[in-house]
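The structure appears below as structure tokens.
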Amino acid sequence: MCLAKLPNERKLTLCRKYYMAGFAFLPFMWAINAIWFLNEAFWAPPYPEQKQIRRYVIVSGVGALLWLVGLISWVVVFQQNRSVWGATADYMSFIIPKGVP
Amino acid sequence: MAAVVSCVNRLLAHIFVLLVVLMDVNGNRVKHKIYEDIQGDMACFKRFNGTQEIGCTSKFSGNIGVVHVVESKEDLVWVYQRGPHQPYVLAITPRFLTSEVLKEAQNSGKVSGVVVMVEENKLDLPGGFSGETHCPNHELGLYNDSSQSEYSGYCWKEPWNPNGTSLLYMSWSFPIFLIDNETSINNIRDYYKTFNEPGTDGEPRSWPLCCMELKSNMFGTTNTEVCMRRRTIATSVFQPVNFCDPLSDYNIWGSVKPMNSSEVTPEKSVIIVAARMDAATMFDNISPGANSAISGMVTLLAAAGALYNLKDDIMKSEVEKNVLFVLYQGETWGYIGSSRMVWNMEKGDFPFKHQEDETDQISQMNLTHIDSFIELAQVGQGMTPVGSHLFLHTDPISNVDPEIGNETDTLLNLLEKYANSSGNVKFERANGDAPLPPASFQSFLKRVNISGVVITDHRDEFKNSYYESIFDDYRNVKYTSENESQETDMYHKHISRVAGVLASALYTRLTGNSKVIKADEKLTDDLLYCYMKNFSCQMFRDYGDRLPRDLFSDKPAKMYVSVKGGEGSRTTLTHLVFAKLLGEKVELNETKCKTESLNQVHQLYYFASLNNGTCVMSTVRKTEAMSPAFLIKDYNWQSGEYSTWTESGWQLTKAMIFLKPSVAEEVGLVCGGIASLLLSLALVYFMNSRADLLFGLTTPPAPC
């Protein structure tokens with residue numbers, strides 16, 4: 001879908017949909033939203049809905065970034081402590097690596 | 001003319017295609033041009049118990065190192081002090097398989113693997129070598145440190161196994177492989193001489209050097225608790241990985257008189273005659289156990305056969321005694337088989353849970369039914385120039401009870417009487433104030449006070465200096481038969497003599513009458529030959545004619561207990577031979593000769609190769625020998641009550657040698673490859689864009 005060809009109000013609804021969907025623990029929605037609408041929010045010639053789109057894009061972007069940081073830190077912490085946490089860590093794992101404590 | 005030429009061309013083309021097909025068009029894979037496989041089926045693997053892991057593992061992709069053959073101490077020093085091409089794979093002779101050498105290798109950080117080259121003909125035997133500890137099975141035995149018995153410290157002062165290195169119970173960070181294939185050993189030595197051997201002044205050789213890759217990556221880690229838990233989790237999410245499996249197989253046992261549940265078994269009426277049927281080494285696919293397992297096991301089988309020949313007398317007798325012959329499995333690893341039997345007896349479901357609706361079923365047995373216990377431990381090295389000299393060990397704790405003490409005394413007297421009357425067997429009482437040597441009997445004494453004796457070839461420390469090692473083979477017990485039944489061999493006569501004395505004593509206990517019984521020497525020799533020298537011997541092939549051919553190899557039997565679905569062939573064959581020895585022929589044809597239920601008093605066995613088809617009815621059967629620890633819900637793995645040994649799973653074990661060029665040459669080769677790829681791409685692009693100029697074509701060629 002080419003955003004440039006859409007009417008402005010459709011752009012706003014679409015952006016809002018992605019924004020709302022992100023709250024359902026779907027950080028990818030926010031990431032896509034932020035990247036996809038980046039141009040519309042900041043560099044496209046001004047139009048009335050742009051202000052709102054910009055807000056959604058900023059919140060989505062920050063949200064996605066926070067998720068990313070959170071996930072990476074969790075992965076690092078988990079992998080570092082997997083053997084120390086023992087049974088708890090094993091029950092949290094879906095695939096347990098072979099031959100590693 | 002043109003037609004003829006084209007015809008000839010076609011014919012030539014056909015011949016060419018035919019030639020190509022006839023010649024090997026499969027081609028040699030590059031891999032096979034680089035690597036040469038060497039024997040890799042005898043790798044050291046990991047095992048776990050409740051608290052630790054033992055054994056070896058390689059990295060996931062295998063360990064690589066420069067081969068260095070170690071013939072003397074100086075070769076080791078050279079590797080640690082001068083060798084510039086680390087990591088090294090040490091190719092050692094058995095003399096260097098000691099914990100000191102391996103520890104030094106591990107600590108040096110310069111060793112990525114070890115191969116042990118065992119040459120059949122020029123065997124370089126160490127003076128004494130046992131992988132076990134000084135006190136085998138001490139922790140799960142009767143006199144363990146937490147038992148607070150006055151004998152708990154005895155073994156540490158007077159070790160049973162002074163040659164023990166504990167090598168079996170150590171954990172190594174590199175793979176260790178055993179190689180006994182002559183071609184493989186020669187390959188290693190030849191390549192080493194040609195490429196790796198340092199100069200006379202110790203000058204290291206330059207690249208290319210012969211390297212070895214050892215692959216034996218183990219799935220399990222840490223301890224039994226962790227790997228069993230992970231196995232359960234992995235299965236629950238449909239990712240079945242055998243991180244580890246409990247050591248498990250079967251106890252095989254049978255009674256002389258049938259035990260029917262319709263008749264009451266009197267208390268203190270069953271004499272258990274036991275031996276263990278497993279041995280271990282740190283390597284896969286080799287566990288000869290000639291003295292540690294086979295000596296006692298064959299004595300038991302021979303005694304059972306000799307006694308059962310007199311079954312008519314025994315059945316007629318009014319004496320209410322019975323003999324239960326039991327071969328225990330997994331005793332090396334914390335008395336797995338015997339502790340399981342005791343556990344089942346205590347729960348009241350030995351051998352099986354009582355079925356209300358079945359009439360023909362074997363009666364239940366519990367600990368109160370046991371009269372006494374006779375165990376054949378290591379008896380192989382009790383051979384003297386004139387006969388046999390063995391020792392009778394008793395338990396000082398239970399014999400404090402005067403009743404038990406008297407019973408034990410009677411038993412010893414009986415055995416001594418028949419030993420004396422045989423002329424060339426001497427049974428000597430071991431130190432009465434010493435604890436029992438490692439024995440299955442200890443599992444029973446942990447729970448119940450019964451009289452009993454453990455028969456061994458040693459009074460104090462083991463005579464067997466290769467206990468639980470790869471050298472505990474036929475040479476260790478001086479067995480000399482080259483093929484089945486040779487008269488010159490003395491060892492099978494020794495085993496037969498001991499079996500005869502035992503059978504005579506048992507006969508007296510069963511009937512009240514005296515009789516001197518001789519065991520069948522041909523049978524013992526056949527059995528010894530099959531177990532110790534050639535598993536695919538005629539006897540085993542006859543008995544196991546229904547088993548797949550590939551179970552039979554011409555090597556000695558592998559006595560390791562293994563895991564479920566592991567090496568069951570030795571158990572199956574022992575079971576069949578045992579059934580035949582303790583069974584009688586019945587006139588049933590092949591289709592009718594089938595047992596309906598394991599609970600039945602008599603089991604039926606069909607041997608197609610014996611006398612054109614024989615159906616044997618016997619009380620011999622097998623029951624599971626897996627530690628109760630794996631069956632008790634929420635068992636505390638650290639409690640030390642039952643054996644918790646498991647074996648890691650692995651994908652494959654493999655060893656290869658190859659020539660490795662210097663790092664500079666390797667990098668140069670890869671860079672050169674990449675450069676030539678980029679160059680060719682650039683060239684093609686250039687030619688494509690300038691095609692008209694280069695080839696002088698302005699218009700595409702017209703269709704012909």
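In the structure tokens, chains take letters A, B, ... by order of appearance, with residues numbered from 1 within each chain and ligands from 1 in the order shown.
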
With a cut-off of 10 Å and counting only C-alpha atoms, select all residues of chain B in contact with chain A and give the selection as a PyMOL selection string. chain B and resi 57-60+217-223+225-227+229-231+233-234+236-239+241-243+648-650

Please give the complete set of residues from range 399-569 of chain B that DSSP, run on the backbone, assigns to alpha helix (DSSP H), formatted as a PDB file with N, CA and C atoms, in the first residue's frame.
```
ATOM      1  N   PRO B 402      22.802 -63.885  68.090  1.00  0.00           N
ATOM      2  CA  PRO B 402      23.271 -65.277  68.187  1.00  0.00           C
ATOM      3  C   PRO B 402      22.582 -66.208  67.194  1.00  0.00           C
ATOM      4  N   GLU B 403      21.298 -65.979  66.947  1.00  0.00           N
ATOM      5  CA  GLU B 403      20.588 -66.860  66.016  1.00  0.00           C
ATOM      6  C   GLU B 403      21.169 -66.757  64.613  1.00  0.00           C
ATOM      7  N   ILE B 404      21.345 -65.518  64.166  1.00  0.00           N
ATOM      8  CA  ILE B 404      21.918 -65.295  62.833  1.00  0.00           C
ATOM      9  C   ILE B 404      23.346 -65.829  62.787  1.00  0.00           C
ATOM     10  N   GLY B 405      24.074 -65.570  63.866  1.00  0.00           N
ATOM     11  CA  GLY B 405      25.453 -66.028  63.929  1.00  0.00           C
ATOM     12  C   GLY B 405      25.552 -67.535  63.771  1.00  0.00           C
ATOM     13  N   ASN B 406      24.651 -68.267  64.450  1.00  0.00           N
ATOM     14  CA  ASN B 406      24.657 -69.729  64.341  1.00  0.00           C
ATOM     15  C   ASN B 406      24.329 -70.189  62.927  1.00  0.00           C
ATOM     16  N   GLU B 407      23.347 -69.546  62.353  1.00  0.00           N
ATOM     17  CA  GLU B 407      22.957 -69.916  60.977  1.00  0.00           C
ATOM     18  C   GLU B 407      24.123 -69.707  60.020  1.00  0.00           C
ATOM     19  N   THR B 408      24.789 -68.561  60.173  1.00  0.00           N
ATOM     20  CA  THR B 408      25.940 -68.283  59.314  1.00  0.00           C
ATOM     21  C   THR B 408      27.005 -69.357  59.503  1.00  0.00           C
ATOM     22  N   ASP B 409      27.220 -69.716  60.762  1.00  0.00           N
ATOM     23  CA  ASP B 409      28.222 -70.721  61.066  1.00  0.00           C
ATOM     24  C   ASP B 409      27.895 -72.055  60.397  1.00  0.00           C
ATOM     25  N   THR B 410      26.621 -72.445  60.476  1.00  0.00           N
ATOM     26  CA  THR B 410      26.197 -73.698  59.849  1.00  0.00           C
ATOM     27  C   THR B 410      26.469 -73.661  58.351  1.00  0.00           C
ATOM     28  N   LEU B 411      26.142 -72.529  57.756  1.00  0.00           N
ATOM     29  CA  LEU B 411      26.333 -72.373  56.316  1.00  0.00           C
ATOM     30  C   LEU B 411      27.812 -72.495  55.949  1.00  0.00           C
ATOM     31  N   LEU B 412      28.655 -71.819  56.734  1.00  0.00           N
ATOM     32  CA  LEU B 412      30.089 -71.866  56.459  1.00  0.00           C
ATOM     33  C   LEU B 412      30.617 -73.286  56.628  1.00  0.00           C
ATOM     34  N   ASN B 413      30.154 -73.958  57.682  1.00  0.00           N
ATOM     35  CA  ASN B 413      30.608 -75.326  57.917  1.00  0.00           C
ATOM     36  C   ASN B 413      30.263 -76.232  56.744  1.00  0.00           C
ATOM     37  N   LEU B 414      29.042 -76.041  56.263  1.00  0.00           N
ATOM     38  CA  LEU B 414      28.579 -76.865  55.143  1.00  0.00           C
ATOM     39  C   LEU B 414      29.455 -76.648  53.908  1.00  0.00           C
ATOM     40  N   LEU B 415      29.697 -75.376  53.607  1.00  0.00           N
ATOM     41  CA  LEU B 415      30.539 -75.070  52.445  1.00  0.00           C
ATOM     42  C   LEU B 415      31.938 -75.628  52.632  1.00  0.00           C
ATOM     43  N   GLU B 416      32.486 -75.467  53.823  1.00  0.00           N
ATOM     44  CA  GLU B 416      33.842 -75.956  54.088  1.00  0.00           C
ATOM     45  C   GLU B 416      33.907 -77.471  53.986  1.00  0.00           C
ATOM     46  N   LYS B 417      32.831 -78.118  54.445  1.00  0.00           N
ATOM     47  CA  LYS B 417      32.803 -79.582  54.408  1.00  0.00           C
ATOM     48  C   LYS B 417      32.942 -80.081  52.965  1.00  0.00           C
ATOM     49  N   TYR B 418      32.143 -79.497  52.081  1.00  0.00           N
ATOM     50  CA  TYR B 418      32.205 -79.957  50.688  1.00  0.00           C
ATOM     51  C   TYR B 418      33.480 -79.525  49.995  1.00  0.00           C
ATOM     52  N   ALA B 419      34.014 -78.366  50.410  1.00  0.00           N
ATOM     53  CA  ALA B 419      35.296 -77.946  49.850  1.00  0.00           C
ATOM     54  C   ALA B 419      36.370 -78.958  50.224  1.00  0.00           C
ATOM     55  N   ASN B 420      36.370 -79.343  51.498  1.00  0.00           N
ATOM     56  CA  ASN B 420      37.373 -80.313  51.957  1.00  0.00           C
ATOM     57  C   ASN B 420      37.211 -81.657  51.259  1.00  0.00           C
ATOM     58  N   SER B 421      35.955 -82.087  51.122  1.00  0.00           N
ATOM     59  CA  SER B 421      35.768 -83.411  50.534  1.00  0.00           C
ATOM     60  C   SER B 421      36.095 -83.429  49.045  1.00  0.00           C
ATOM     61  N   SER B 422      36.105 -82.266  48.414  1.00  0.00           N
ATOM     62  CA  SER B 422      36.437 -82.247  46.985  1.00  0.00           C
ATOM     63  C   SER B 422      37.940 -82.431  46.781  1.00  0.00           C
ATOM     64  N   PHE B 441      24.695 -58.499  48.650  1.00  0.00           N
ATOM     65  CA  PHE B 441      24.179 -58.905  49.947  1.00  0.00           C
ATOM     66  C   PHE B 441      23.971 -57.683  50.858  1.00  0.00           C
ATOM     67  N   GLN B 442      24.815 -56.671  50.683  1.00  0.00           N
ATOM     68  CA  GLN B 442      24.709 -55.474  51.515  1.00  0.00           C
ATOM     69  C   GLN B 442      23.365 -54.770  51.355  1.00  0.00           C
ATOM     70  N   SER B 443      22.793 -54.830  50.146  1.00  0.00           N
ATOM     71  CA  SER B 443      21.479 -54.210  49.935  1.00  0.00           C
ATOM     72  C   SER B 443      20.432 -54.849  50.822  1.00  0.00           C
ATOM     73  N   PHE B 444      20.533 -56.156  51.021  1.00  0.00           N
ATOM     74  CA  PHE B 444      19.574 -56.863  51.871  1.00  0.00           C
ATOM     75  C   PHE B 444      19.847 -56.559  53.340  1.00  0.00           C
ATOM     76  N   LEU B 445      21.136 -56.594  53.710  1.00  0.00           N
ATOM     77  CA  LEU B 445      21.485 -56.375  55.117  1.00  0.00           C
ATOM     78  C   LEU B 445      21.133 -54.967  55.578  1.00  0.00           C
ATOM     79  N   TYR B 491      41.549 -72.675  33.987  1.00  0.00           N
ATOM     80  CA  TYR B 491      40.606 -71.736  34.598  1.00  0.00           C
ATOM     81  C   TYR B 491      39.188 -72.299  34.654  1.00  0.00           C
ATOM     82  N   HIS B 492      38.729 -72.913  33.565  1.00  0.00           N
ATOM     83  CA  HIS B 492      37.359 -73.410  33.572  1.00  0.00           C
ATOM     84  C   HIS B 492      37.201 -74.555  34.558  1.00  0.00           C
ATOM     85  N   LYS B 493      38.332 -75.263  34.812  1.00  0.00           N
ATOM     86  CA  LYS B 493      38.273 -76.342  35.807  1.00  0.00           C
ATOM     87  C   LYS B 493      38.109 -75.746  37.203  1.00  0.00           C
ATOM     88  N   HIS B 494      38.793 -74.628  37.420  1.00  0.00           N
ATOM     89  CA  HIS B 494      38.675 -73.932  38.707  1.00  0.00           C
ATOM     90  C   HIS B 494      37.218 -73.500  38.933  1.00  0.00           C
ATOM     91  N   ILE B 495      36.636 -72.872  37.929  1.00  0.00           N
ATOM     92  CA  ILE B 495      35.247 -72.402  38.059  1.00  0.00           C
ATOM     93  C   ILE B 495      34.309 -73.591  38.281  1.00  0.00           C
ATOM     94  N   SER B 496      34.525 -74.673  37.549  1.00  0.00           N
ATOM     95  CA  SER B 496      33.670 -75.858  37.691  1.00  0.00           C
ATOM     96  C   SER B 496      33.772 -76.447  39.092  1.00  0.00           C
ATOM     97  N   ARG B 497      35.007 -76.484  39.615  1.00  0.00           N
ATOM     98  CA  ARG B 497      35.210 -77.034  40.964  1.00  0.00           C
ATOM     99  C   ARG B 497      34.401 -76.255  41.988  1.00  0.00           C
ATOM    100  N   VAL B 498      34.519 -74.909  41.916  1.00  0.00           N
ATOM    101  CA  VAL B 498      33.813 -74.069  42.879  1.00  0.00           C
ATOM    102  C   VAL B 498      32.306 -74.260  42.721  1.00  0.00           C
ATOM    103  N   ALA B 499      31.847 -74.318  41.473  1.00  0.00           N
ATOM    104  CA  ALA B 499      30.413 -74.514  41.225  1.00  0.00           C
ATOM    105  C   ALA B 499      29.951 -75.846  41.798  1.00  0.00           C
ATOM    106  N   GLY B 500      30.800 -76.874  41.665  1.00  0.00           N
ATOM    107  CA  GLY B 500      30.460 -78.195  42.194  1.00  0.00           C
ATOM    108  C   GLY B 500      30.278 -78.173  43.701  1.00  0.00           C
ATOM    109  N   VAL B 501      31.225 -77.516  44.391  1.00  0.00           N
ATOM    110  CA  VAL B 501      31.141 -77.426  45.853  1.00  0.00           C
ATOM    111  C   VAL B 501      29.865 -76.703  46.261  1.00  0.00           C
ATOM    112  N   LEU B 502      29.581 -75.604  45.570  1.00  0.00           N
ATOM    113  CA  LEU B 502      28.378 -74.835  45.892  1.00  0.00           C
ATOM    114  C   LEU B 502      27.124 -75.669  45.659  1.00  0.00           C
ATOM    115  N   ALA B 503      27.081 -76.367  44.520  1.00  0.00           N
ATOM    116  CA  ALA B 503      25.912 -77.184  44.200  1.00  0.00           C
ATOM    117  C   ALA B 503      25.718 -78.284  45.247  1.00  0.00           C
ATOM    118  N   SER B 504      26.835 -78.897  45.702  1.00  0.00           N
ATOM    119  CA  SER B 504      26.732 -79.947  46.720  1.00  0.00           C
ATOM    120  C   SER B 504      26.135 -79.393  48.005  1.00  0.00           C
ATOM    121  N   ALA B 505      26.638 -78.216  48.418  1.00  0.00           N
ATOM    122  CA  ALA B 505      26.130 -77.611  49.654  1.00  0.00           C
ATOM    123  C   ALA B 505      24.649 -77.294  49.521  1.00  0.00           C
ATOM    124  N   LEU B 506      24.251 -76.783  48.378  1.00  0.00           N
ATOM    125  CA  LEU B 506      22.846 -76.433  48.166  1.00  0.00           C
ATOM    126  C   LEU B 506      21.973 -77.687  48.156  1.00  0.00           C
ATOM    127  N   TYR B 507      22.522 -78.748  47.575  1.00  0.00           N
ATOM    128  CA  TYR B 507      21.777 -80.015  47.518  1.00  0.00           C
ATOM    129  C   TYR B 507      21.479 -80.497  48.933  1.00  0.00           C
ATOM    130  N   THR B 508      22.488 -80.380  49.804  1.00  0.00           N
ATOM    131  CA  THR B 508      22.292 -80.803  51.194  1.00  0.00           C
ATOM    132  C   THR B 508      21.225 -79.942  51.866  1.00  0.00           C
ATOM    133  N   ARG B 509      21.263 -78.646  51.613  1.00  0.00           N
ATOM    134  CA  ARG B 509      20.257 -77.777  52.224  1.00  0.00           C
ATOM    135  C   ARG B 509      18.860 -78.113  51.721  1.00  0.00           C
ATOM    136  N   LEU B 510      18.753 -78.537  50.483  1.00  0.00           N
ATOM    137  CA  LEU B 510      17.436 -78.784  49.886  1.00  0.00           C
ATOM    138  C   LEU B 510      16.878 -80.152  50.252  1.00  0.00           C
ATOM    139  N   THR B 511      17.753 -81.136  50.416  1.00  0.00           N
ATOM    140  CA  THR B 511      17.255 -82.498  50.616  1.00  0.00           C
ATOM    141  C   THR B 511      17.602 -83.078  51.976  1.00  0.00           C
ATOM    142  N   GLU B 521      32.117 -79.451  33.097  1.00  0.00           N
ATOM    143  CA  GLU B 521      33.269 -78.629  32.695  1.00  0.00           C
ATOM    144  C   GLU B 521      33.135 -78.074  31.286  1.00  0.00           C
ATOM    145  N   LYS B 522      32.506 -78.842  30.430  1.00  0.00           N
ATOM    146  CA  LYS B 522      32.313 -78.387  29.050  1.00  0.00           C
ATOM    147  C   LYS B 522      31.428 -77.138  29.043  1.00  0.00           C
ATOM    148  N   LEU B 523      30.398 -77.182  29.895  1.00  0.00           N
ATOM    149  CA  LEU B 523      29.482 -76.046  29.971  1.00  0.00           C
ATOM    150  C   LEU B 523      30.201 -74.790  30.460  1.00  0.00           C
ATOM    151  N   THR B 524      30.977 -74.921  31.548  1.00  0.00           N
ATOM    152  CA  THR B 524      31.675 -73.733  32.053  1.00  0.00           C
ATOM    153  C   THR B 524      32.650 -73.201  31.015  1.00  0.00           C
ATOM    154  N   ASP B 525      33.354 -74.102  30.347  1.00  0.00           N
ATOM    155  CA  ASP B 525      34.316 -73.638  29.349  1.00  0.00           C
ATOM    156  C   ASP B 525      33.609 -72.906  28.205  1.00  0.00           C
ATOM    157  N   ASP B 526      32.503 -73.472  27.756  1.00  0.00           N
ATOM    158  CA  ASP B 526      31.746 -72.816  26.691  1.00  0.00           C
ATOM    159  C   ASP B 526      31.290 -71.427  27.122  1.00  0.00           C
ATOM    160  N   LEU B 527      30.745 -71.365  28.328  1.00  0.00           N
ATOM    161  CA  LEU B 527      30.247 -70.078  28.814  1.00  0.00           C
ATOM    162  C   LEU B 527      31.377 -69.066  28.951  1.00  0.00           C
ATOM    163  N   LEU B 528      32.481 -69.502  29.542  1.00  0.00           N
ATOM    164  CA  LEU B 528      33.606 -68.585  29.729  1.00  0.00           C
ATOM    165  C   LEU B 528      34.125 -68.090  28.388  1.00  0.00           C
ATOM    166  N   TYR B 529      34.225 -69.021  27.442  1.00  0.00           N
ATOM    167  CA  TYR B 529      34.711 -68.633  26.116  1.00  0.00           C
ATOM    168  C   TYR B 529      33.772 -67.611  25.476  1.00  0.00           C
ATOM    169  N   CYS B 530      32.464 -67.864  25.570  1.00  0.00           N
ATOM    170  CA  CYS B 530      31.488 -66.967  24.943  1.00  0.00           C
ATOM    171  C   CYS B 530      31.514 -65.573  25.555  1.00  0.00           C
ATOM    172  N   TYR B 531      31.590 -65.513  26.884  1.00  0.00           N
ATOM    173  CA  TYR B 531      31.556 -64.198  27.535  1.00  0.00           C
ATOM    174  C   TYR B 531      32.883 -63.465  27.393  1.00  0.00           C
ATOM    175  N   MET B 532      33.990 -64.192  27.549  1.00  0.00           N
ATOM    176  CA  MET B 532      35.264 -63.484  27.653  1.00  0.00           C
ATOM    177  C   MET B 532      35.999 -63.319  26.335  1.00  0.00           C
ATOM    178  N   GLN B 538      29.568 -70.533  19.124  1.00  0.00           N
ATOM    179  CA  GLN B 538      28.523 -71.466  18.672  1.00  0.00           C
ATOM    180  C   GLN B 538      27.382 -71.577  19.677  1.00  0.00           C
ATOM    181  N   MET B 539      27.724 -71.656  20.953  1.00  0.00           N
ATOM    182  CA  MET B 539      26.707 -71.832  21.975  1.00  0.00           C
ATOM    183  C   MET B 539      25.705 -70.674  21.979  1.00  0.00           C
ATOM    184  N   PHE B 540      26.212 -69.462  21.942  1.00  0.00           N
ATOM    185  CA  PHE B 540      25.326 -68.301  21.974  1.00  0.00           C
ATOM    186  C   PHE B 540      24.507 -68.193  20.690  1.00  0.00           C
ATOM    187  N   ARG B 541      25.132 -68.580  19.575  1.00  0.00           N
ATOM    188  CA  ARG B 541      24.377 -68.500  18.323  1.00  0.00           C
ATOM    189  C   ARG B 541      23.255 -69.536  18.308  1.00  0.00           C
ATOM    190  N   ASP B 542      23.508 -70.692  18.934  1.00  0.00           N
ATOM    191  CA  ASP B 542      22.459 -71.705  19.031  1.00  0.00           C
ATOM    192  C   ASP B 542      21.317 -71.235  19.921  1.00  0.00           C
ATOM    193  N   TYR B 543      21.689 -70.702  21.078  1.00  0.00           N
ATOM    194  CA  TYR B 543      20.652 -70.275  22.021  1.00  0.00           C
ATOM    195  C   TYR B 543      19.919 -69.037  21.528  1.00  0.00           C
ATOM    196  N   SER B 569      21.815 -57.430  24.460  1.00  0.00           N
ATOM    197  CA  SER B 569      22.048 -58.759  23.896  1.00  0.00           C
ATOM    198  C   SER B 569      22.650 -59.722  24.907  1.00  0.00           C
TER     199      SER B 569
END
```

Could you pull the residues within 9 Å of Ala430 in chain B, counting only C-alpha atoms, minus those fewer than 5 positions along the same chain, as a ChimeraX atom specification? /B:391-394,458-460
